[in-house]
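K.L.:
Below is the file upload04.cif, which contains mmCIF, C-alpha atoms.
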```cif
data_structure
#
loop_
_atom_site.group_PDB
_atom_site.id
_atom_site.type_symbol
_atom_site.label_atom_id
_atom_site.label_comp_id
_atom_site.auth_asym_id
_atom_site.auth_seq_id
_atom_site.Cartn_x
_atom_site.Cartn_y
_atom_site.Cartn_z
ATOM 1 C CA MET V 1 1.451 -32.860 3.201
ATOM 2 C CA GLN V 2 0.734 -34.384 6.557
ATOM 3 C CA LEU V 3 -2.484 -34.114 8.470
ATOM 4 C CA GLN V 4 -0.742 -31.994 11.109
ATOM 5 C CA ASP V 5 0.378 -29.489 8.447
ATOM 6 C CA LYS V 6 -3.147 -29.192 7.113
ATOM 7 C CA TYR V 7 -4.478 -28.588 10.591
ATOM 8 C CA ARG V 8 -1.841 -25.951 11.273
ATOM 9 C CA ILE V 9 -2.448 -24.158 7.960
ATOM 10 C CA ALA V 10 -6.187 -24.157 8.643
ATOM 11 C CA VAL V 11 -5.742 -22.587 12.082
ATOM 12 C CA LEU V 12 -3.243 -19.981 10.870
ATOM 13 C CA SER V 13 -5.457 -19.110 7.881
ATOM 14 C CA ALA V 14 -8.424 -18.658 10.180
ATOM 15 C CA TYR V 15 -6.459 -16.215 12.338
ATOM 16 C CA ALA V 16 -5.162 -14.361 9.269
ATOM 17 C CA LEU V 17 -8.654 -14.173 7.743
ATOM 18 C CA SER V 18 -10.244 -12.784 10.879
ATOM 19 C CA LEU V 19 -7.529 -10.116 11.204
ATOM 20 C CA HIS V 20 -7.939 -9.319 7.498
ATOM 21 C CA ALA V 21 -11.696 -8.896 7.925
ATOM 22 C CA PHE V 22 -11.311 -6.996 11.181
ATOM 23 C CA GLU V 23 -8.976 -4.377 9.786
ATOM 24 C CA SER V 24 -11.174 -3.741 6.770
ATOM 25 C CA LEU V 25 -13.895 -2.681 9.204
ATOM 26 C CA LEU V 26 -11.637 -0.183 10.970
ATOM 27 C CA PRO V 27 -12.038 3.413 9.929
ATOM 28 C CA THR V 28 -8.650 4.839 8.961
ATOM 29 C CA PRO V 29 -7.693 8.501 8.779
ATOM 30 C CA ILE V 30 -5.990 7.986 5.430
ATOM 31 C CA PRO V 31 -7.673 5.959 2.717
ATOM 32 C CA TRP V 32 -5.795 3.037 1.199
ATOM 33 C CA LEU V 33 -4.045 2.734 4.487
ATOM 34 C CA ARG V 34 -4.253 -0.771 5.786
ATOM 35 C CA LEU V 35 -2.514 -1.840 8.913
ATOM 36 C CA GLY V 36 -1.559 -5.195 7.409
ATOM 37 C CA LEU V 37 -2.440 -7.041 10.598
ATOM 38 C CA ALA V 38 -2.676 -10.311 8.696
ATOM 39 C CA ASN V 39 1.014 -9.962 8.008
ATOM 40 C CA ILE V 40 1.594 -10.783 11.683
ATOM 41 C CA ILE V 41 0.278 -14.281 11.029
ATOM 42 C CA THR V 42 2.309 -14.620 7.824
ATOM 43 C CA LEU V 43 5.464 -13.712 9.718
ATOM 44 C CA VAL V 44 4.739 -16.091 12.590
ATOM 45 C CA ALA V 45 4.044 -18.864 10.072
ATOM 46 C CA LEU V 46 7.289 -18.103 8.237
ATOM 47 C CA VAL V 47 9.544 -18.106 11.280
ATOM 48 C CA LEU V 48 7.936 -21.043 13.100
ATOM 49 C CA TYR V 49 6.793 -23.326 10.284
ATOM 50 C CA GLY V 50 8.712 -22.322 7.167
ATOM 51 C CA PHE V 51 8.155 -20.593 3.863
ATOM 52 C CA ARG V 52 5.689 -23.050 2.343
ATOM 53 C CA THR V 53 3.252 -22.717 5.225
ATOM 54 C CA ALA V 54 3.531 -18.917 5.147
ATOM 55 C CA MET V 55 2.832 -18.715 1.412
ATOM 56 C CA THR V 56 -0.099 -21.142 1.629
ATOM 57 C CA VAL V 57 -1.632 -19.159 4.470
ATOM 58 C CA THR V 58 -1.199 -15.904 2.536
ATOM 59 C CA LEU V 59 -2.837 -17.307 -0.605
ATOM 60 C CA ILE V 60 -5.761 -18.733 1.362
ATOM 61 C CA ARG V 61 -6.178 -15.444 3.239
ATOM 62 C CA VAL V 62 -6.111 -13.232 0.155
ATOM 63 C CA ILE V 63 -8.420 -15.391 -1.943
ATOM 64 C CA LEU V 64 -10.958 -16.312 0.745
ATOM 65 C CA GLY V 65 -10.809 -12.813 2.225
ATOM 66 C CA SER V 66 -11.712 -11.236 -1.104
ATOM 67 C CA ILE V 67 -14.556 -13.719 -1.616
ATOM 68 C CA PHE V 68 -15.956 -12.800 1.806
ATOM 69 C CA MET V 69 -15.584 -9.076 1.075
ATOM 70 C CA GLY V 70 -17.082 -9.444 -2.394
ATOM 71 C CA THR V 71 -14.014 -8.064 -4.152
ATOM 72 C CA PHE V 72 -12.792 -11.318 -5.725
ATOM 73 C CA LEU V 73 -10.966 -10.668 -9.048
ATOM 74 C CA GLY V 74 -11.704 -6.940 -8.733
ATOM 75 C CA PRO V 75 -9.032 -4.252 -8.682
ATOM 76 C CA SER V 76 -8.622 -4.283 -4.930
ATOM 77 C CA PHE V 77 -8.245 -8.077 -5.026
ATOM 78 C CA MET V 78 -5.436 -7.756 -7.560
ATOM 79 C CA LEU V 79 -3.688 -5.172 -5.401
ATOM 80 C CA SER V 80 -4.148 -7.293 -2.307
ATOM 81 C CA PHE V 81 -3.013 -10.473 -4.100
ATOM 82 C CA SER V 82 0.124 -8.979 -5.627
ATOM 83 C CA GLY V 83 1.021 -7.245 -2.380
ATOM 84 C CA GLY V 84 0.521 -10.370 -0.289
ATOM 85 C CA VAL V 85 2.476 -12.672 -2.591
ATOM 86 C CA ALA V 86 5.326 -10.178 -3.073
ATOM 87 C CA SER V 87 5.680 -9.452 0.614
ATOM 88 C CA THR V 88 5.591 -13.124 1.635
ATOM 89 C CA ALA V 89 8.114 -14.026 -1.072
ATOM 90 C CA ALA V 90 10.421 -11.181 -0.028
ATOM 91 C CA MET V 91 10.213 -12.064 3.659
ATOM 92 C CA GLY V 92 10.781 -15.741 2.894
ATOM 93 C CA LEU V 93 13.783 -14.973 0.716
ATOM 94 C CA ALA V 94 15.270 -12.636 3.314
ATOM 95 C CA TYR V 95 14.726 -15.180 6.077
ATOM 96 C CA LEU V 96 16.238 -18.059 4.112
ATOM 97 C CA THR V 97 19.195 -15.991 2.869
ATOM 98 C CA PHE V 98 20.067 -13.924 5.921
ATOM 99 C CA GLY V 99 18.778 -16.180 8.685
ATOM 100 C CA ASN V 100 18.856 -14.394 11.985
ATOM 101 C CA ILE V 101 20.526 -11.173 10.815
ATOM 102 C CA PHE V 102 17.040 -9.697 10.571
ATOM 103 C CA GLY V 103 14.659 -10.136 13.488
ATOM 104 C CA PRO V 104 10.856 -10.130 13.116
ATOM 105 C CA VAL V 105 10.823 -6.318 12.905
ATOM 106 C CA GLY V 106 13.318 -6.281 10.029
ATOM 107 C CA LEU V 107 11.471 -9.051 8.185
ATOM 108 C CA SER V 108 8.201 -7.201 8.653
ATOM 109 C CA LEU V 109 9.784 -4.025 7.234
ATOM 110 C CA ILE V 110 11.022 -5.943 4.189
ATOM 111 C CA GLY V 111 7.554 -7.421 3.753
ATOM 112 C CA ALA V 112 5.877 -4.008 4.040
ATOM 113 C CA LEU V 113 8.303 -2.447 1.558
ATOM 114 C CA PHE V 114 7.774 -5.135 -1.076
ATOM 115 C CA HIS V 115 4.031 -5.056 -0.469
ATOM 116 C CA ASN V 116 4.102 -1.349 -1.317
ATOM 117 C CA ILE V 117 6.401 -1.778 -4.319
ATOM 118 C CA ALA V 118 4.190 -4.509 -5.802
ATOM 119 C CA GLN V 119 1.012 -2.503 -5.271
ATOM 120 C CA LEU V 120 2.446 0.706 -6.686
ATOM 121 C CA THR V 121 3.766 -1.129 -9.749
ATOM 122 C CA LEU V 122 0.418 -2.769 -10.344
ATOM 123 C CA ALA V 123 -1.498 0.447 -9.696
ATOM 124 C CA TYR V 124 0.739 2.129 -12.265
ATOM 125 C CA PHE V 125 -0.049 -0.441 -14.955
ATOM 126 C CA LEU V 126 -3.734 -0.868 -14.117
ATOM 127 C CA PHE V 127 -4.972 2.596 -13.207
ATOM 128 C CA ILE V 128 -2.632 5.533 -13.180
ATOM 129 C CA GLN V 129 -0.060 5.212 -15.959
ATOM 130 C CA ARG V 130 1.658 8.421 -15.013
ATOM 131 C CA VAL V 131 5.136 7.980 -13.628
ATOM 132 C CA GLU V 132 5.215 11.304 -11.834
ATOM 133 C CA ALA V 133 1.966 10.601 -10.003
ATOM 134 C CA VAL V 134 3.304 7.249 -8.762
ATOM 135 C CA LEU V 135 6.645 8.769 -7.760
ATOM 136 C CA PHE V 136 4.795 11.527 -5.988
ATOM 137 C CA ILE V 137 2.728 9.213 -3.826
ATOM 138 C CA ALA V 138 5.332 6.437 -3.342
ATOM 139 C CA PRO V 139 7.354 8.027 -0.494
ATOM 140 C CA VAL V 140 4.196 8.700 1.514
ATOM 141 C CA ILE V 141 3.057 5.107 1.114
ATOM 142 C CA VAL V 142 6.496 3.725 1.976
ATOM 143 C CA LEU V 143 6.656 5.916 5.102
ATOM 144 C CA ILE V 144 3.277 4.704 6.338
ATOM 145 C CA GLY V 145 4.218 1.125 5.453
ATOM 146 C CA THR V 146 7.415 1.432 7.473
ATOM 147 C CA LEU V 147 5.548 2.638 10.552
ATOM 148 C CA THR V 148 2.875 -0.063 10.420
ATOM 149 C CA GLY V 149 5.574 -2.588 9.511
ATOM 150 C CA VAL V 150 7.469 -1.882 12.726
ATOM 151 C CA ALA V 151 4.310 -2.282 14.793
ATOM 152 C CA ASN V 152 3.387 -5.562 13.106
ATOM 153 C CA GLY V 153 6.930 -6.855 13.412
ATOM 154 C CA ALA V 154 7.017 -6.075 17.114
ATOM 155 C CA VAL V 155 3.749 -7.942 17.701
ATOM 156 C CA SER V 156 4.988 -10.899 15.628
ATOM 157 C CA GLY V 157 8.207 -10.973 17.621
ATOM 158 C CA LEU V 158 6.330 -11.176 20.908
ATOM 159 C CA LEU V 159 4.017 -13.839 19.523
ATOM 160 C CA ILE V 160 6.878 -15.953 18.187
ATOM 161 C CA LYS V 161 8.702 -15.723 21.506
ATOM 162 C CA LYS V 162 5.643 -16.741 23.529
ATOM 163 C CA LEU V 163 4.860 -19.642 21.211
ATOM 164 C CA LEU V 164 8.454 -20.898 21.366
ATOM 165 C CA GLN V 165 8.433 -20.648 25.151
ATOM 166 C CA LYS V 166 5.166 -22.528 25.377
ATOM 167 C CA ASP V 167 5.841 -25.441 23.079
ATOM 168 C CA GLY V 168 9.112 -24.739 21.369
ATOM 169 C CA GLU V 169 10.209 -28.347 21.296
ATOM 170 C CA LYS V 170 7.087 -29.464 19.532
ATOM 171 C CA ILE V 171 7.412 -26.701 16.944
ATOM 172 C CA GLN V 172 11.059 -27.494 16.271
ATOM 173 C CA ASN V 173 10.212 -31.170 15.789
ATOM 174 C CA ASP V 174 7.324 -30.393 13.493
ATOM 175 C CA LYS V 175 9.157 -27.922 11.299
ATOM 176 C CA ALA V 176 8.935 -29.535 7.893
ATOM 177 C CA ASP V 177 11.417 -27.547 5.860
ATOM 178 C CA MET D 1 8.345 -2.720 25.214
ATOM 179 C CA LYS D 2 11.739 -3.745 26.562
ATOM 180 C CA THR D 3 11.468 -7.202 25.054
ATOM 181 C CA VAL D 4 10.598 -5.663 21.719
ATOM 182 C CA ILE D 5 13.696 -3.471 21.728
ATOM 183 C CA ARG D 6 15.893 -6.357 22.843
ATOM 184 C CA ASN D 7 14.452 -8.484 20.063
ATOM 185 C CA THR D 8 15.469 -6.120 17.266
ATOM 186 C CA THR D 9 18.835 -6.708 15.663
ATOM 187 C CA VAL D 10 21.276 -4.110 14.384
ATOM 188 C CA ALA D 11 20.155 -4.857 10.832
ATOM 189 C CA ASP D 12 16.540 -4.210 11.853
ATOM 190 C CA LYS D 13 17.401 -0.779 13.186
ATOM 191 C CA LEU D 14 19.526 0.121 10.183
ATOM 192 C CA LEU D 15 16.749 -0.949 7.813
ATOM 193 C CA PHE D 16 14.193 1.069 9.754
ATOM 194 C CA LEU D 17 16.303 4.226 9.756
ATOM 195 C CA THR D 18 17.133 3.854 6.059
ATOM 196 C CA LEU D 19 13.478 3.462 5.111
ATOM 197 C CA ILE D 20 12.373 6.425 7.215
ATOM 198 C CA ALA D 21 15.165 8.637 5.869
ATOM 199 C CA ALA D 22 14.537 7.599 2.258
ATOM 200 C CA SER D 23 10.785 8.140 2.413
ATOM 201 C CA VAL D 24 10.996 11.489 4.207
ATOM 202 C CA ALA D 25 13.613 12.673 1.710
ATOM 203 C CA GLY D 26 11.408 11.325 -1.085
ATOM 204 C CA ILE D 27 8.389 13.288 0.146
ATOM 205 C CA PHE D 28 10.475 16.451 0.351
ATOM 206 C CA PHE D 29 12.154 16.084 -3.033
ATOM 207 C CA SER D 30 9.107 14.931 -4.961
ATOM 208 C CA ARG D 31 7.336 18.124 -3.932
ATOM 209 C CA GLU D 32 10.307 20.255 -4.952
ATOM 210 C CA ALA D 33 10.915 18.467 -8.225
ATOM 211 C CA MET D 34 7.356 18.745 -9.490
ATOM 212 C CA PRO D 35 7.221 21.019 -12.499
ATOM 213 C CA GLN D 36 5.177 24.167 -12.106
ATOM 214 C CA GLY D 37 3.979 24.597 -15.653
ATOM 215 C CA PRO D 38 1.239 26.654 -17.159
ATOM 216 C CA ASP D 39 -1.344 23.905 -17.544
ATOM 217 C CA ILE D 40 -3.488 21.669 -15.415
ATOM 218 C CA VAL D 41 -3.875 18.201 -16.879
ATOM 219 C CA ILE D 42 -6.663 15.870 -15.794
ATOM 220 C CA THR D 43 -6.120 12.227 -16.642
ATOM 221 C CA VAL D 44 -8.950 9.723 -16.501
ATOM 222 C CA ASP D 45 -8.263 5.967 -16.779
ATOM 223 C CA GLY D 46 -4.698 6.701 -17.823
ATOM 224 C CA LYS D 47 -5.747 8.897 -20.738
ATOM 225 C CA PRO D 48 -5.326 12.641 -20.617
ATOM 226 C CA GLN D 49 -8.832 14.046 -20.880
ATOM 227 C CA TYR D 50 -8.523 17.747 -20.182
ATOM 228 C CA THR D 51 -5.746 20.279 -20.518
ATOM 229 C CA LEU D 52 -6.788 23.529 -18.908
ATOM 230 C CA PRO D 53 -4.931 26.805 -18.489
ATOM 231 C CA ARG D 54 -4.397 27.516 -14.825
ATOM 232 C CA ASP D 55 -5.034 31.239 -15.098
ATOM 233 C CA LYS D 56 -8.675 30.777 -16.066
ATOM 234 C CA ASP D 57 -11.113 30.031 -13.258
ATOM 235 C CA ARG D 58 -13.494 27.201 -13.981
ATOM 236 C CA LEU D 59 -15.310 24.150 -12.699
ATOM 237 C CA VAL D 60 -15.026 20.774 -14.414
ATOM 238 C CA SER D 61 -17.109 17.760 -13.567
ATOM 239 C CA ILE D 62 -15.738 14.348 -14.482
ATOM 240 C CA PRO D 63 -17.939 11.260 -14.487
ATOM 241 C CA GLY D 64 -16.433 8.202 -12.809
ATOM 242 C CA PRO D 65 -17.422 4.902 -11.188
ATOM 243 C CA PHE D 66 -18.421 6.776 -8.005
ATOM 244 C CA GLY D 67 -20.347 9.554 -9.707
ATOM 245 C CA ASP D 68 -19.189 12.974 -10.805
ATOM 246 C CA THR D 69 -16.013 14.459 -9.410
ATOM 247 C CA VAL D 70 -15.966 18.256 -9.446
ATOM 248 C CA VAL D 71 -12.606 19.907 -10.005
ATOM 249 C CA GLU D 72 -12.242 23.637 -9.369
ATOM 250 C CA ILE D 73 -9.540 25.899 -10.784
ATOM 251 C CA LYS D 74 -9.151 29.320 -9.201
ATOM 252 C CA ASP D 75 -6.313 31.852 -8.886
ATOM 253 C CA GLY D 76 -3.837 29.478 -10.500
ATOM 254 C CA LYS D 77 -4.615 26.706 -8.024
ATOM 255 C CA VAL D 78 -6.629 23.549 -8.362
ATOM 256 C CA ARG D 79 -8.625 21.397 -5.968
ATOM 257 C CA VAL D 80 -11.185 18.640 -5.978
ATOM 258 C CA LYS D 81 -14.303 20.387 -4.826
ATOM 259 C CA GLU D 82 -16.564 17.416 -4.646
ATOM 260 C CA ALA D 83 -15.945 13.689 -4.867
ATOM 261 C CA HIS D 84 -18.101 10.705 -4.075
ATOM 262 C CA CYS D 85 -15.455 8.080 -3.585
ATOM 263 C CA PRO D 86 -15.444 6.246 -0.224
ATOM 264 C CA ASN D 87 -12.498 8.092 1.309
ATOM 265 C CA ARG D 88 -12.359 11.520 -0.326
ATOM 266 C CA LEU D 89 -8.629 11.876 0.122
ATOM 267 C CA CYS D 90 -8.559 14.025 -3.002
ATOM 268 C CA GLU D 91 -11.012 16.449 -1.452
ATOM 269 C CA LYS D 92 -9.046 16.667 1.782
ATOM 270 C CA GLN D 93 -5.855 17.471 -0.086
ATOM 271 C CA GLY D 94 -7.255 20.946 -0.759
ATOM 272 C CA TRP D 95 -5.782 23.558 -3.078
ATOM 273 C CA ILE D 96 -2.511 22.768 -4.811
ATOM 274 C CA SER D 97 -0.375 24.872 -7.104
ATOM 275 C CA ARG D 98 2.193 22.199 -7.931
ATOM 276 C CA GLY D 99 2.336 18.422 -7.892
ATOM 277 C CA ALA D 100 -0.682 16.223 -8.324
ATOM 278 C CA ILE D 101 -3.944 15.069 -6.827
ATOM 279 C CA VAL D 102 -4.651 11.387 -7.286
ATOM 280 C CA CYS D 103 -8.079 9.829 -6.871
ATOM 281 C CA LEU D 104 -7.587 6.096 -7.244
ATOM 282 C CA PRO D 105 -11.243 5.010 -6.855
ATOM 283 C CA ASN D 106 -12.326 7.304 -9.683
ATOM 284 C CA HIS D 107 -9.133 6.681 -11.728
ATOM 285 C CA ILE D 108 -8.486 10.422 -11.906
ATOM 286 C CA VAL D 109 -5.085 12.108 -11.769
ATOM 287 C CA ILE D 110 -4.854 15.903 -11.736
ATOM 288 C CA THR D 111 -1.377 17.197 -12.498
ATOM 289 C CA VAL D 112 -0.292 20.807 -12.370
ATOM 290 C CA GLY D 113 2.280 21.651 -14.964
ATOM 291 C CA GLY D 114 1.828 19.016 -17.628
ATOM 292 C CA LYS D 115 3.532 19.389 -20.948
ATOM 293 C CA ALA D 116 1.083 21.030 -23.265
ATOM 294 C CA GLY D 117 2.695 19.497 -26.345
ATOM 295 C CA ASP D 118 1.826 15.873 -25.609
ATOM 296 C CA LEU D 119 -1.878 16.415 -25.205
ATOM 297 C CA PRO D 120 -4.618 17.455 -27.544
ATOM 298 C CA ARG D 121 -5.658 20.925 -26.459
ATOM 299 C CA GLY D 122 -8.944 22.690 -26.496
ATOM 300 C CA ILE D 123 -11.261 19.840 -25.653
ATOM 301 C CA ASP D 124 -14.497 21.280 -24.376
ATOM 302 C CA ALA D 125 -14.882 20.664 -20.714
ATOM 303 C CA VAL D 126 -18.270 20.019 -19.215
ATOM 304 C CA THR D 127 -18.720 22.882 -16.845
ATOM 305 C CA GLY D 128 -20.544 22.322 -13.606
#
```
Take the structure in the file and write it out as structure tokens.

P.N.:
Amino acid sequence: MQLQDKYRIAVLSAYALSLHAFESLLPTPIPWLRLGLANIITLVALVLYGFRTAMTVTLIRVILGSIFMGTFLGPSFMLSFSGGVASTAAMGLAYLTFGNIFGPVGLSLIGALFHNIAQLTLAYFLFIQRVEAVLFIAPVIVLIGTLTGVANGAVSGLLIKKLLQKDGEKIQNDKAD
Amino acid sequence: MKTVIRNTTVADKLLFLTLIAASVAGIFFSREAMPQGPDIVITVDGKPQYTLPRDKDRLVSIPGPFGDTVVEIKDGKVRVKEAHCPNRLCEKQGWISRGAIVCLPNHIVITVGGKAGDLPRGIDAVTG
């Protein structure tokens, strides 16, 4: 890993962490609803700098974020960890397989969906253990995830476009993978 | 806004519509498909703790990590009367006569219409 990569990961992680902390302070009308603002950074990292950077940033964000919030290794950390890793992996896979068929909005939707699937699966094994309860709540969670996913994807798309306009050449040259 | 719409591909839009349609249909069908049985089952930490007949009015208080959660059964319906979890979604859900109320922070699931056969019946409930 080059010095430039480390610098980039540090900056992206800092952005992701501050969004992560910011959204946990926001009051939401529905509990367990998180906007997933940090996913914007994951998506930007994925499209501009590749899968490895995106996954590193996600891991740093989830682990450091939970240490700051005091939830490290607790149930909400496990939900956050599984959701983050699953969504980044799914977005990375979709991006590498389908290339530009999906834009940022589509990738964000895939990420949100797999985030929800991972969390529901884990919640089933850890807490609920009743299939009908999980099936009952799953569509609601997926619907909310889809709506926030579109919003995050749109913001990521704008951000990616601006960054490419500003120093696109530099980014293309730097892109490691 | 225009740039956003121009930036989305056909696949993006298809995926969005599919997800919305599937989840809305899921919400509709999961409510319809829920069994409306004779019993109200309260599960704590994944283990069924109480099986209560829905035609008998009563209050049950269940200890949890956020204090006692009070469940009320009245006129064949059930609600969470009092909860001390951070969000109180369960409380806001109000009275239900089918389906389930889930309180994740307290690890409590209240299901209307559980199968009476798979649970030990007649456990004394702590009345509030």

K.L.:
Apply the PyMOL selection byres ((chain D) within 10 of (chain V)) to the structure shown and report the selected residues as an MDAnalysis selection string.

P.N.:
chainID D and resid 1 3:5 7:17 19:31 33:35 43:48 86:90 92 99:111

K.L.:
How many Å separate atom CA of Tyr49 of chain V from atom CA of Leu3 of chain V?

P.N.:
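Computing the Euclidean distance for atom CA of Tyr49 of chain V and atom CA of Leu3 of chain V yields 14.3 Å.
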
K.L.:
Contacts of Lys81 of chain D at 7 Å or less, counting all atoms listed in the file, minus same-chain residues fewer than 3 places along, as a PyMOL selection string?

P.N.:
chain D and resi 70-72+91

K.L.:
Suppose we keep C-alpha atoms; can you now write the selection as a compact mmCIF listing (two decimals), in the frame of the given file?

P.N.:
```
# COMPACT_ATOMS: atom_id res chain seq x y z
CA VAL D 70 -15.97 18.26 -9.45
CA VAL D 71 -12.61 19.91 -10.01
CA GLU D 72 -12.24 23.64 -9.37
CA GLU D 91 -11.01 16.45 -1.45
```

K.L.:
Could you check which of D:Ala83, D:Gly94, D:Glu32, D:Lys2 is closest to Pro65 of chain D, using all atoms listed in the file?

P.N.:
D:Ala83

K.L.:
Can you list, as a list in words, every protein, DNA or RNA residue that comes within 10 Å of Ala16 of chain V when you count only C-alpha atoms, leaving out same-chain residues fewer than 2 positions away?

P.N.:
Ala10, Val11, Leu12, Ser13, Ala14, Ser18, Leu19, His20, Ala21, Phe22, Leu37, Ala38, Asn39, Ile40, Ile41, Thr42, Val57, Thr58, Ile60, Arg61, Val62 and Gly65 of chain V

K.L.:
Take the PyMOL selection byres ((chain D and resi 76) around 12), apply it to the structure above, and return the hits as a list of chain:residue names.

P.N.:
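Checked against the file, the PyMOL selection byres ((chain D and resi 76) around 12) matches D:Gln36, D:Gly37, D:Pro38, D:Asp39, D:Ile40, D:Leu52, D:Pro53, D:Arg54, D:Asp55, D:Lys56, D:Asp57, D:Arg58, D:Glu72, D:Ile73, D:Lys74, D:Asp75, D:Lys77, D:Val78, D:Arg79, D:Trp95, D:Ile96, D:Ser97, D:Arg98, D:Val112, D:Gly113.
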
K.L.:
Go through V:Ser80, V:Gln2, V:Ser87, V:Ser66 and flag the residue nearest Phe114 of chain V, using all atoms listed in the file for the distances.

P.N.:
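Among the listed residues, V:Ser87 lies closest to Phe114 of chain V.
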
K.L.:
What does the distance between atom CA of Gly84 of chain V and atom CA of Tyr7 of chain V come to in Å, to one decimal place?

P.N.:
21.8 Å

K.L.:
Rounded to one decimal in Å, what is the spacing between atom CA of Ile63 of chain V and atom CA of Val44 of chain V?

P.N.:
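For atom CA of Ile63 of chain V relative to atom CA of Val44 of chain V, the distance reads 19.6 Å.
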
K.L.:
Using all atoms listed in the file, pick whichever of V:Thr56, V:Phe98, V:Leu43, V:Leu122 has the shortest atom-to-atom distance to Leu79 of chain V.

P.N.:
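Smallest separation from Leu79 of chain V among the options: V:Leu122.
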
K.L.:
Ranking V:His115, V:Val131, V:Met69, V:Leu33 by minimum distance to Val85 of chain V and counting all atoms listed in the file, which one comes first?

P.N.:
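Of the candidates, the smallest distance to Val85 of chain V is held by V:His115.
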
K.L.:
Kindly indicate which residue among V:Leu59, V:Ile9, V:Leu46, V:Leu164 lies nearest to Ala94 of chain V, using all atoms listed in the file for the distances.

P.N.:
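Ranking V:Leu59, V:Ile9, V:Leu46, V:Leu164 by distance to Ala94 of chain V, first place goes to V:Leu46.
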
K.L.:
Could the centre and edge lengths of an axis-aligned box, enclosing all atoms of segment 55-67 of chain V in the file with 3 Å extra on each side, be given in Å to one decimal as AutoDock Vina command-line options?

P.N.:
```
--center_x -5.9 --center_y -16.2 --center_z 1.3 --size_x 23.4 --size_y 15.9 --size_z 12.4
```
